[in-house]
file protein_4.pdb (PDB, C-alpha atoms, pLDDT in the B column)
ATOM      1  CA  MET A 197       0.000   0.000   0.000  1.00 41.00           C
ATOM      2  CA  ALA A 198       1.400   3.347  -0.951  1.00 42.00           C
ATOM      3  CA  ARG A 199       2.140   5.561   1.969  1.00 42.00           C
ATOM      4  CA  ARG A 200      -0.086   8.591   2.141  1.00 40.00           C
ATOM      5  CA  ILE A 201       1.851  11.768   2.801  1.00 36.00           C
ATOM      6  CA  VAL A 202       0.025  14.541   4.581  1.00 36.00           C
ATOM      7  CA  GLU A 203       1.549  17.895   3.924  1.00 39.00           C
ATOM      8  CA  ALA A 204       1.118  20.844   6.245  1.00 37.00           C
ATOM      9  CA  PRO A 205      -0.545  23.820   4.621  1.00 41.00           C
ATOM     10  CA  ILE A 206       1.927  26.354   3.344  1.00 42.00           C
ATOM     11  CA  ARG A 207       1.378  29.826   4.686  1.00 43.00           C
ATOM     12  CA  PRO A 208       1.378  32.486   2.011  1.00 43.00           C
ATOM     13  CA  ALA A 209       4.372  34.771   2.038  1.00 45.00           C
ATOM     14  CA  VAL A 210       3.728  38.069   3.760  1.00 42.00           C
ATOM     15  CA  ARG A 211       4.312  41.044   1.521  1.00 47.00           C
ATOM     16  CA  GLY A 212       5.547  44.391   2.690  1.00 54.00           C
ATOM     17  CA  PRO A 213       8.622  45.936   4.282  1.00 74.00           C
ATOM     18  CA  THR A 214      11.253  43.717   5.877  1.00 83.00           C
ATOM     19  CA  PHE A 215      10.202  44.923   9.331  1.00 85.00           C
ATOM     20  CA  VAL A 216       6.610  43.759   8.842  1.00 83.00           C
ATOM     21  CA  ARG A 217       7.664  40.431   7.315  1.00 84.00           C
ATOM     22  CA  LEU A 218      10.062  39.736  10.185  1.00 88.00           C
ATOM     23  CA  LEU A 219       7.441  40.420  12.838  1.00 86.00           C
ATOM     24  CA  ALA A 220       4.914  38.260  10.979  1.00 85.00           C
ATOM     25  CA  ARG A 221       7.398  35.379  10.876  1.00 85.00           C
ATOM     26  CA  LEU A 222       8.422  35.661  14.519  1.00 85.00           C
ATOM     27  CA  THR A 223       4.856  35.915  15.804  1.00 78.00           C
ATOM     28  CA  ASP A 224       3.565  33.232  13.430  1.00 67.00           C
ATOM     29  CA  ALA A 225       0.776  35.610  12.484  1.00 56.00           C
ATOM     30  CA  ASP A 226      -1.387  35.307   9.398  1.00 54.00           C
ATOM     31  CA  MET A 227      -1.108  38.802   8.001  1.00 52.00           C
ATOM     32  CA  PRO A 228      -3.634  39.993   5.430  1.00 54.00           C
ATOM     33  CA  GLN A 229      -2.214  40.013   1.916  1.00 54.00           C
ATOM     34  CA  SER A 230      -3.927  43.263   1.072  1.00 54.00           C
ATOM     35  CA  GLY A 231      -5.292  46.139   3.049  1.00 58.00           C
ATOM     36  CA  PRO A 232      -6.936  49.501   2.646  1.00 59.00           C
ATOM     37  CA  ALA A 233      -5.517  51.868   0.091  1.00 60.00           C
ATOM     38  CA  LEU A 234      -2.932  54.335   1.375  1.00 54.00           C
ATOM     39  CA  ALA A 235      -5.358  57.257   1.194  1.00 56.00           C
ATOM     40  CA  ASP A 236      -7.953  55.332   3.206  1.00 61.00           C
ATOM     41  CA  ARG A 237      -5.367  54.345   5.805  1.00 60.00           C
ATOM     42  CA  LEU A 238      -4.144  57.918   6.174  1.00 60.00           C
ATOM     43  CA  SER A 239      -7.710  59.139   6.613  1.00 61.00           C
ATOM     44  CA  GLN A 240      -7.961  56.848   9.649  1.00 63.00           C
ATOM     45  CA  TRP A 241      -4.697  58.070  11.146  1.00 64.00           C
ATOM     46  CA  ILE A 242      -4.971  61.816  10.553  1.00 65.00           C
ATOM     47  CA  ASP A 243      -7.651  63.616  12.549  1.00 64.00           C
ATOM     48  CA  TRP A 244      -9.473  66.627  11.190  1.00 54.00           C
ATOM     49  CA  THR A 245      -7.299  69.182  12.981  1.00 69.00           C
ATOM     50  CA  ARG A 246      -4.154  67.728  11.377  1.00 63.00           C
ATOM     51  CA  ALA A 247      -5.928  67.511   8.046  1.00 62.00           C
ATOM     52  CA  VAL A 248      -6.795  71.209   8.241  1.00 59.00           C
ATOM     53  CA  ALA A 249      -3.186  72.074   9.097  1.00 65.00           C
ATOM     54  CA  LEU A 250      -1.928  70.030   6.151  1.00 61.00           C
ATOM     55  CA  SER A 251      -4.448  71.666   3.829  1.00 64.00           C
ATOM     56  CA  LYS A 252      -3.298  75.123   4.926  1.00 63.00           C
ATOM     57  CA  VAL A 253       0.330  74.264   4.188  1.00 62.00           C
ATOM     58  CA  LEU A 254      -0.520  72.897   0.749  1.00 62.00           C
ATOM     59  CA  ASP A 255      -2.748  75.854  -0.154  1.00 61.00           C
ATOM     60  CA  ALA A 256      -0.517  78.604   1.215  1.00 64.00           C
ATOM     61  CA  PRO A 257       1.636  80.618  -1.212  1.00 66.00           C
ATOM     62  CA  ALA A 258       5.221  79.477  -1.338  1.00 59.00           C
ATOM     63  CA  SER A 259       7.418  81.354   1.112  1.00 60.00           C
ATOM     64  CA  GLU A 260      10.751  82.825   0.175  1.00 60.00           C
ATOM     65  CA  PRO A 261      13.712  80.609   1.096  1.00 57.00           C
ATOM     66  CA  GLY A 262      16.446  81.722   3.433  1.00 56.00           C
ATOM     67  CA  PRO A 263      20.070  82.225   2.358  1.00 58.00           C
ATOM     68  CA  ASP A 264      21.290  79.308   0.233  1.00 54.00           C
ATOM     69  CA  THR A 265      24.438  77.844   1.715  1.00 51.00           C
ATOM     70  CA  GLY A 266      25.232  75.693  -1.330  1.00 53.00           C
ATOM     71  CA  PRO A 267      26.406  72.119  -1.894  1.00 51.00           C
ATOM     72  CA  VAL A 268      28.632  72.071   1.201  1.00 47.00           C
ATOM     73  CA  VAL A 269      25.439  71.866   3.239  1.00 54.00           C
ATOM     74  CA  ASP A 270      24.406  68.771   1.309  1.00 65.00           C
ATOM     75  CA  ARG A 271      27.669  67.019   2.114  1.00 72.00           C
ATOM     76  CA  ASP A 272      27.441  68.035   5.762  1.00 87.00           C
ATOM     77  CA  ALA A 273      23.871  66.744   5.987  1.00 89.00           C
ATOM     78  CA  ALA A 274      24.731  63.428   4.346  1.00 91.00           C
ATOM     79  CA  GLY A 275      27.685  63.001   6.676  1.00 93.00           C
ATOM     80  CA  ALA A 276      25.600  63.738   9.761  1.00 93.00           C
ATOM     81  CA  CYS A 277      22.983  61.191   8.697  1.00 95.00           C
ATOM     82  CA  ALA A 278      25.623  58.564   7.943  1.00 95.00           C
ATOM     83  CA  ARG A 279      27.342  59.091  11.296  1.00 96.00           C
ATOM     84  CA  ALA A 280      24.077  58.888  13.229  1.00 97.00           C
ATOM     85  CA  ARG A 281      23.045  55.709  11.450  1.00 97.00           C
ATOM     86  CA  SER A 282      26.478  54.162  11.965  1.00 97.00           C
ATOM     87  CA  ALA A 283      26.363  54.943  15.693  1.00 98.00           C
ATOM     88  CA  LEU A 284      22.960  53.271  16.010  1.00 98.00           C
ATOM     89  CA  LEU A 285      24.133  50.247  14.040  1.00 97.00           C
ATOM     90  CA  ASP A 286      27.114  49.957  16.394  1.00 98.00           C
ATOM     91  CA  ALA A 287      24.811  50.219  19.404  1.00 98.00           C
ATOM     92  CA  ILE A 288      22.652  47.364  18.112  1.00 97.00           C
ATOM     93  CA  ALA A 289      25.639  45.207  17.162  1.00 96.00           C
ATOM     94  CA  GLY A 290      27.359  45.924  20.475  1.00 96.00           C
ATOM     95  CA  ALA A 291      24.400  45.309  22.797  1.00 96.00           C
ATOM     96  CA  PRO A 292      25.782  42.820  25.344  1.00 94.00           C
ATOM     97  CA  GLU A 293      22.457  41.015  25.718  1.00 94.00           C
ATOM     98  CA  LEU A 294      22.482  40.203  21.990  1.00 95.00           C
ATOM     99  CA  ALA A 295      26.067  38.936  21.739  1.00 92.00           C
ATOM    100  CA  VAL A 296      26.399  35.481  20.175  1.00 88.00           C
ATOM    101  CA  PRO A 297      28.146  33.682  21.749  1.00 84.00           C
ATOM    102  CA  GLN A 298      27.774  35.298  25.148  1.00 82.00           C
ATOM    103  CA  PRO A 299      30.906  36.313  27.071  1.00 78.00           C
ATOM    104  CA  GLN A 300      32.242  33.556  29.289  1.00 69.00           C
ATOM    105  CA  GLY A 301      30.269  33.364  32.503  1.00 60.00           C
ATOM    106  CA  ALA A 302      27.640  35.903  31.452  1.00 61.00           C
ATOM    107  CA  THR A 303      23.993  35.363  32.323  1.00 54.00           C
ATOM    108  CA  PRO A 304      20.880  37.216  31.182  1.00 50.00           C
ATOM    109  CA  ALA A 305      19.952  38.028  34.755  1.00 49.00           C
ATOM    110  CA  ASP A 306      22.276  40.561  36.361  1.00 48.00           C
ATOM    111  CA  GLY A 307      22.556  40.920  40.114  1.00 45.00           C
ATOM    112  CA  ALA A 308      21.689  37.333  41.029  1.00 44.00           C
ATOM    113  CA  PRO A 309      23.065  36.336  44.467  1.00 44.00           C
ATOM    114  CA  ASP A 310      26.261  34.267  44.501  1.00 46.00           C
ATOM    115  CA  GLY A 311      25.477  30.588  44.262  1.00 39.00           C
ATOM    116  CA  ALA A 312      21.894  31.210  43.152  1.00 39.00           C
ATOM    117  CA  GLU A 313      20.624  30.032  39.791  1.00 41.00           C
ATOM    118  CA  ALA A 314      19.978  32.873  37.394  1.00 50.00           C
ATOM    119  CA  VAL A 315      16.657  32.618  35.618  1.00 59.00           C
ATOM    120  CA  VAL A 316      16.578  33.159  31.869  1.00 78.00           C
ATOM    121  CA  ASP A 317      14.300  36.165  31.729  1.00 90.00           C
ATOM    122  CA  PHE A 318      13.092  38.525  29.007  1.00 95.00           C
ATOM    123  CA  ALA A 319      13.403  41.679  31.145  1.00 96.00           C
ATOM    124  CA  PRO A 320      16.998  42.577  30.111  1.00 96.00           C
ATOM    125  CA  PHE A 321      16.059  42.194  26.461  1.00 97.00           C
ATOM    126  CA  ARG A 322      13.024  44.451  26.912  1.00 97.00           C
ATOM    127  CA  GLN A 323      15.120  47.112  28.629  1.00 97.00           C
ATOM    128  CA  ARG A 324      17.729  47.004  25.874  1.00 97.00           C
ATOM    129  CA  HIS A 325      15.111  47.192  23.142  1.00 98.00           C
ATOM    130  CA  LEU A 326      13.406  50.185  24.752  1.00 97.00           C
ATOM    131  CA  ALA A 327      16.747  51.951  25.218  1.00 97.00           C
ATOM    132  CA  LEU A 328      17.665  51.421  21.571  1.00 98.00           C
ATOM    133  CA  GLN A 329      14.232  52.611  20.464  1.00 97.00           C
ATOM    134  CA  ARG A 330      14.711  55.818  22.452  1.00 97.00           C
ATOM    135  CA  SER A 331      18.109  56.332  20.828  1.00 97.00           C
ATOM    136  CA  MET A 332      16.648  55.792  17.355  1.00 97.00           C
ATOM    137  CA  LEU A 333      13.778  58.186  18.045  1.00 96.00           C
ATOM    138  CA  ALA A 334      16.079  60.912  19.357  1.00 97.00           C
ATOM    139  CA  ALA A 335      18.545  60.614  16.474  1.00 97.00           C
ATOM    140  CA  THR A 336      16.009  60.486  13.668  1.00 96.00           C
ATOM    141  CA  GLY A 337      13.911  63.282  15.163  1.00 95.00           C
ATOM    142  CA  ARG A 338      16.949  65.547  15.407  1.00 96.00           C
ATOM    143  CA  LEU A 339      18.089  64.735  11.864  1.00 96.00           C
ATOM    144  CA  ARG A 340      14.622  65.265  10.451  1.00 95.00           C
ATOM    145  CA  GLY A 341      14.388  68.713  11.999  1.00 95.00           C
ATOM    146  CA  GLU A 342      17.850  69.692  10.777  1.00 94.00           C
ATOM    147  CA  LEU A 343      17.100  68.519   7.247  1.00 95.00           C
ATOM    148  CA  ARG A 344      13.867  70.507   7.191  1.00 94.00           C
ATOM    149  CA  ASP A 345      15.815  73.607   8.203  1.00 93.00           C
ATOM    150  CA  ARG A 346      18.274  73.008   5.369  1.00 92.00           C
ATOM    151  CA  LEU A 347      15.492  72.442   2.850  1.00 91.00           C
ATOM    152  CA  ALA A 348      13.762  75.643   3.892  1.00 90.00           C
ATOM    153  CA  ARG A 349      16.867  77.568   2.809  1.00 88.00           C
ATOM    154  CA  GLN A 350      17.025  76.040  -0.673  1.00 88.00           C
ATOM    155  CA  SER A 351      13.932  77.174  -2.582  1.00 87.00           C
ATOM    156  CA  ALA A 352      10.245  77.971  -2.178  1.00 87.00           C
ATOM    157  CA  GLU A 353       9.299  74.452  -3.292  1.00 87.00           C
ATOM    158  CA  MET A 354      11.703  72.831  -0.833  1.00 89.00           C
ATOM    159  CA  ALA A 355      10.476  75.112   1.941  1.00 89.00           C
ATOM    160  CA  ARG A 356       6.933  73.899   1.268  1.00 87.00           C
ATOM    161  CA  LEU A 357       8.152  70.290   1.364  1.00 90.00           C
ATOM    162  CA  ALA A 358       9.756  70.947   4.744  1.00 91.00           C
ATOM    163  CA  GLU A 359       6.480  72.367   6.067  1.00 89.00           C
ATOM    164  CA  VAL A 360       4.507  69.382   4.776  1.00 87.00           C
ATOM    165  CA  ASP A 361       6.952  66.979   6.410  1.00 91.00           C
ATOM    166  CA  ALA A 362       6.646  68.803   9.724  1.00 91.00           C
ATOM    167  CA  VAL A 363       2.854  68.527   9.636  1.00 86.00           C
ATOM    168  CA  MET A 364       2.985  64.853   8.598  1.00 84.00           C
ATOM    169  CA  GLU A 365       5.437  64.072  11.393  1.00 89.00           C
ATOM    170  CA  GLY A 366       3.127  65.644  13.933  1.00 86.00           C
ATOM    171  CA  ALA A 367       0.129  63.791  12.510  1.00 83.00           C
ATOM    172  CA  LEU A 368       1.638  60.331  12.155  1.00 83.00           C
ATOM    173  CA  SER A 369       4.135  60.199  15.031  1.00 87.00           C
ATOM    174  CA  PRO A 370       1.571  59.239  17.720  1.00 86.00           C
ATOM    175  CA  ARG A 371       0.384  56.301  15.614  1.00 87.00           C
ATOM    176  CA  GLU A 372       3.957  55.294  14.796  1.00 90.00           C
ATOM    177  CA  HIS A 373       5.017  55.443  18.434  1.00 91.00           C
ATOM    178  CA  ALA A 374       2.054  53.328  19.521  1.00 91.00           C
ATOM    179  CA  LEU A 375       2.765  50.658  16.910  1.00 90.00           C
ATOM    180  CA  LEU A 376       6.504  50.483  17.579  1.00 94.00           C
ATOM    181  CA  ALA A 377       5.904  50.407  21.340  1.00 94.00           C
ATOM    182  CA  ALA A 378       4.158  47.063  20.817  1.00 94.00           C
ATOM    183  CA  VAL A 379       7.266  45.413  19.347  1.00 95.00           C
ATOM    184  CA  PRO A 380       8.863  44.406  22.688  1.00 96.00           C
ATOM    185  CA  ALA A 381       5.681  42.544  23.634  1.00 95.00           C
ATOM    186  CA  LEU A 382       5.754  40.680  20.321  1.00 94.00           C
ATOM    187  CA  LEU A 383       9.378  39.768  20.932  1.00 96.00           C
ATOM    188  CA  GLU A 384       8.526  38.547  24.425  1.00 96.00           C
ATOM    189  CA  THR A 385       5.869  36.241  22.978  1.00 94.00           C
ATOM    190  CA  HIS A 386       8.476  34.901  20.538  1.00 94.00           C
ATOM    191  CA  PHE A 387      10.956  34.484  23.422  1.00 94.00           C
ATOM    192  CA  GLU A 388       8.477  32.469  25.505  1.00 92.00           C
ATOM    193  CA  ARG A 389       7.493  30.330  22.519  1.00 91.00           C
ATOM    194  CA  LEU A 390      11.117  29.421  21.789  1.00 90.00           C
ATOM    195  CA  ARG A 391      11.797  28.633  25.429  1.00 88.00           C
ATOM    196  CA  ALA A 392       8.740  26.416  25.688  1.00 87.00           C
ATOM    197  CA  ALA A 393       9.576  24.606  22.456  1.00 85.00           C
ATOM    198  CA  ALA A 394      13.100  23.916  23.697  1.00 83.00           C
ATOM    199  CA  GLY A 395      11.844  22.693  27.062  1.00 78.00           C
ATOM    200  CA  GLU A 396      14.341  25.074  28.665  1.00 54.00           C
ATOM    201  CA  ALA A 397      13.824  25.382  32.403  1.00 49.00           C
ATOM    202  CA  GLY A 398      17.396  26.014  33.553  1.00 54.00           C
ATOM    203  CA  PRO A 399      19.629  29.071  33.517  1.00 52.00           C
ATOM    204  CA  ASP A 400      21.819  28.135  30.525  1.00 60.00           C
ATOM    205  CA  ALA A 401      22.524  31.504  28.884  1.00 54.00           C
ATOM    206  CA  SER A 402      24.199  29.845  25.889  1.00 58.00           C
ATOM    207  CA  ALA A 403      21.275  27.597  24.918  1.00 80.00           C
ATOM    208  CA  ALA A 404      20.752  27.315  21.171  1.00 86.00           C
ATOM    209  CA  TRP A 405      17.204  28.645  21.368  1.00 89.00           C
ATOM    210  CA  LEU A 406      18.387  31.733  23.238  1.00 91.00           C
ATOM    211  CA  ASP A 407      21.132  32.447  20.725  1.00 92.00           C
ATOM    212  CA  GLY A 408      18.523  32.119  18.002  1.00 93.00           C
ATOM    213  CA  PHE A 409      16.329  34.617  19.793  1.00 94.00           C
ATOM    214  CA  ARG A 410      19.231  37.054  20.100  1.00 95.00           C
ATOM    215  CA  ARG A 411      19.757  36.927  16.338  1.00 95.00           C
ATOM    216  CA  ASP A 412      16.029  37.395  15.726  1.00 96.00           C
ATOM    217  CA  MET A 413      15.862  40.406  18.039  1.00 96.00           C
ATOM    218  CA  GLN A 414      18.893  41.968  16.406  1.00 96.00           C
ATOM    219  CA  GLY A 415      17.293  41.484  12.995  1.00 95.00           C
ATOM    220  CA  VAL A 416      14.096  43.178  14.177  1.00 96.00           C
ATOM    221  CA  LEU A 417      16.054  46.128  15.571  1.00 97.00           C
ATOM    222  CA  LEU A 418      17.963  46.566  12.310  1.00 96.00           C
ATOM    223  CA  ALA A 419      14.710  46.461  10.333  1.00 95.00           C
ATOM    224  CA  GLU A 420      13.137  48.986  12.722  1.00 96.00           C
ATOM    225  CA  LEU A 421      16.136  51.265  12.215  1.00 96.00           C
ATOM    226  CA  ASP A 422      15.516  51.140   8.457  1.00 95.00           C
ATOM    227  CA  VAL A 423      11.867  52.101   8.987  1.00 94.00           C
ATOM    228  CA  ARG A 424      12.729  55.004  11.272  1.00 95.00           C
ATOM    229  CA  PHE A 425      15.288  56.347   8.812  1.00 96.00           C
ATOM    230  CA  GLN A 426      12.942  56.377   5.822  1.00 94.00           C
ATOM    231  CA  PRO A 427      11.681  59.962   6.379  1.00 94.00           C
ATOM    232  CA  VAL A 428      15.265  61.111   6.969  1.00 96.00           C
ATOM    233  CA  GLU A 429      16.434  59.488   3.743  1.00 95.00           C
ATOM    234  CA  GLY A 430      13.514  61.036   1.848  1.00 94.00           C
ATOM    235  CA  LEU A 431      14.406  64.546   3.037  1.00 94.00           C
ATOM    236  CA  LEU A 432      18.073  63.938   2.304  1.00 93.00           C
ATOM    237  CA  ALA A 433      17.230  62.773  -1.223  1.00 92.00           C
ATOM    238  CA  ALA A 434      15.203  65.941  -1.773  1.00 92.00           C
ATOM    239  CA  LEU A 435      18.116  68.049  -0.572  1.00 89.00           C
ATOM    240  CA  ARG A 436      20.514  66.259  -2.907  1.00 87.00           C
ATOM    241  CA  ALA A 437      18.185  66.567  -5.890  1.00 83.00           C
ATOM    242  CA  HIS A 438      17.763  70.314  -5.538  1.00 70.00           C
TER     243      HIS A 438
END

call {"tool": "encode", "arguments": {"input": "protein_4.pdb", "output": "structure tokens"}}
result
Amino acid sequence: MARRIVEAPIRPAVRGPTFVRLLARLTDADMPQSGPALADRLSQWIDWTRAVALSKVLDAPASEPGPDTGPVVDRDAAGACARARSALLDAIAGAPELAVPQPQGATPADGAPDGAEAVVDFAPFRQRHLALQRSMLAATGRLRGELRDRLARQSAEMARLAEVDAVMEGALSPREHALLAAVPALLETHFERLRAAAGEAGPDASAAWLDGFRRDMQGVLLAELDVRFQPVEGLLAALRAH
């Protein structure tokens, strides 16, 4: 009798940015393959007061630009963005909780009493993720403001673009912050799932499942950094194209 092979259903690939696809894979979530159109989604995220402010910026006559400081500004801006991104990349790569392999004798739980078993806990990973998120937010917010100031000095059209970006940042930032704030909880669910699947009950900080989680978390942080830098890169591209 021929053996009957039962194949598990294949989940459809999730489309979208790397950040979304990574989170979908780690949480084992069935993400919808299509969603509302961009205009419909924005209408849900932007309240009427922000919509009025955006309309005023778009309808207002173009303002005169400030003194043009020339192409040196472009090089300075690109260098500042590159240095900020490099520093954040180094911070993610150098996070001690995410090192694979871990330093000899290191445990995920700091401050455990001598002779006591350290419990493999998600708390240090959450604290590191939140700290890195704060660093990303501070760096990208500062760069975005500086780039808007530079654009405003280039031309009337670029000054209008800077104003639109400022309004859009104010409108979309609360939604963005709320969504990104949920990432540590998703990672914790992934952490607990890996630990349960491995049957890990002891304090082994070098367990294979834990090293796998460290790599996954680092990948999520790198993808989040890309997402946070998208507005910065857009403003920088506009500055270069002028």

call {"tool": "atom_distance", "arguments": {"input": "protein_4.pdb", "atom1": "atom CA of A:Gln414", "atom2": "atom CA of A:Arg330"}}
result
15.7 Å

call {"tool": "residues_around", "arguments": {"input": "protein_4.pdb", "residues": "A:Met413", "least_positions_apart": "5", "cutoff": "9 Å", "atoms": "all atoms listed in the file", "output": "list in words"}}
result
Leu294, Phe321, His325, Leu383, Gly408 and Leu418 of chain A

call {"tool": "atom_distance", "arguments": {"input": "protein_4.pdb", "atom1": "atom CA of A:Met364", "atom2": "atom CA of A:Glu420"}}
result
19.3 Å

call {"tool": "resolve_selection", "arguments": {"input": "protein_4.pdb", "expression": "the PyMOL selection byres ((chain A and resi 389) around 12)", "output": "PyMOL selection string"}}
result
chain A and resi 222-224+318+382-388+390-396+405-406+409

call {"tool": "residues_around", "arguments": {"input": "protein_4.pdb", "residues": "stretch 273-286 of chain A", "least_positions_apart": "2", "cutoff": "8 Å", "atoms": "only C-alpha atoms", "output": "ChimeraX atom specification"}}
result
/A:269-271,288-290,328,331-332,335,339,343,418,428,432

call {"tool": "atom_distance", "arguments": {"input": "protein_4.pdb", "atom1": "atom CA of A:Asp407", "atom2": "atom CA of A:Leu333"}}
result
26.9 Å

call {"tool": "closest_residue", "arguments": {"input": "protein_4.pdb", "among": "A:Ala403, A:Gln298, A:Leu375, A:Pro213", "to": "A:Val316", "atoms": "all atoms listed in the file"}}
result
A:Ala403

call {"tool": "closest_residue", "arguments": {"input": "protein_4.pdb", "among": "A:Ala434, A:Arg324, A:Val216, A:Pro292", "to": "A:Arg346", "atoms": "only C-alpha atoms"}}
result
A:Ala434

call {"tool": "closest_residue", "arguments": {"input": "protein_4.pdb", "among": "A:Ala377, A:Leu435, A:Ala419, A:Ala327", "to": "A:Leu357", "atoms": "all atoms listed in the file"}}
result
A:Leu435

call {"tool": "resolve_selection", "arguments": {"input": "protein_4.pdb", "expression": "the PyMOL selection byres ((chain A and resi 215) around 12)", "output": "number ranges by chain"}}
result
A: 210-214, 216-222, 376, 379, 412-424

call {"tool": "decode", "arguments": {"input": "protein_4.pdb", "residues": "stretch 290-297 of chain A", "atoms": "all heavy atoms", "output": "compact mmCIF listing (two decimals), in the first residue's frame"}}
result
# COMPACT_ATOMS: atom_id res chain seq x y z
N GLY A 290 26.59 46.05 19.25
CA GLY A 290 27.36 45.92 20.48
C GLY A 290 26.54 45.70 21.73
O GLY A 290 27.12 45.65 22.82
N ALA A 291 25.23 45.55 21.61
CA ALA A 291 24.40 45.31 22.80
C ALA A 291 24.83 44.01 23.47
O ALA A 291 24.79 42.94 22.84
CB ALA A 291 22.92 45.24 22.41
N PRO A 292 25.26 44.05 24.72
CA PRO A 292 25.78 42.82 25.34
C PRO A 292 24.76 41.71 25.46
O PRO A 292 25.11 40.53 25.38
CB PRO A 292 26.24 43.31 26.73
CG PRO A 292 25.52 44.60 26.95
CD PRO A 292 25.34 45.22 25.61
N GLU A 293 23.49 42.07 25.62
CA GLU A 293 22.46 41.01 25.72
C GLU A 293 22.30 40.23 24.42
O GLU A 293 21.79 39.11 24.44
CB GLU A 293 21.11 41.64 26.09
CG GLU A 293 21.08 42.32 27.45
CD GLU A 293 21.59 43.75 27.39
OE1 GLU A 293 22.03 44.20 26.31
OE2 GLU A 293 21.53 44.41 28.44
N LEU A 294 22.70 40.83 23.29
CA LEU A 294 22.48 40.20 21.99
C LEU A 294 23.74 39.53 21.44
O LEU A 294 23.71 39.03 20.32
CB LEU A 294 21.98 41.25 20.98
CG LEU A 294 20.72 42.01 21.40
CD1 LEU A 294 20.30 42.97 20.28
CD2 LEU A 294 19.59 41.05 21.73
N ALA A 295 24.81 39.53 22.21
CA ALA A 295 26.07 38.94 21.74
C ALA A 295 25.92 37.43 21.58
O ALA A 295 25.38 36.75 22.44
CB ALA A 295 27.19 39.26 22.71
N VAL A 296 26.39 36.92 20.44
CA VAL A 296 26.40 35.48 20.17
C VAL A 296 27.79 35.10 19.68
O VAL A 296 28.23 35.58 18.65
CB VAL A 296 25.35 35.10 19.11
CG1 VAL A 296 25.43 33.60 18.81
CG2 VAL A 296 23.95 35.47 19.55
N PRO A 297 28.52 34.25 20.45
CA PRO A 297 28.15 33.68 21.75
C PRO A 297 28.30 34.72 22.86
O PRO A 297 28.95 35.73 22.69
CB PRO A 297 29.13 32.54 21.93
CG PRO A 297 30.36 33.02 21.21
CD PRO A 297 29.86 33.78 20.01
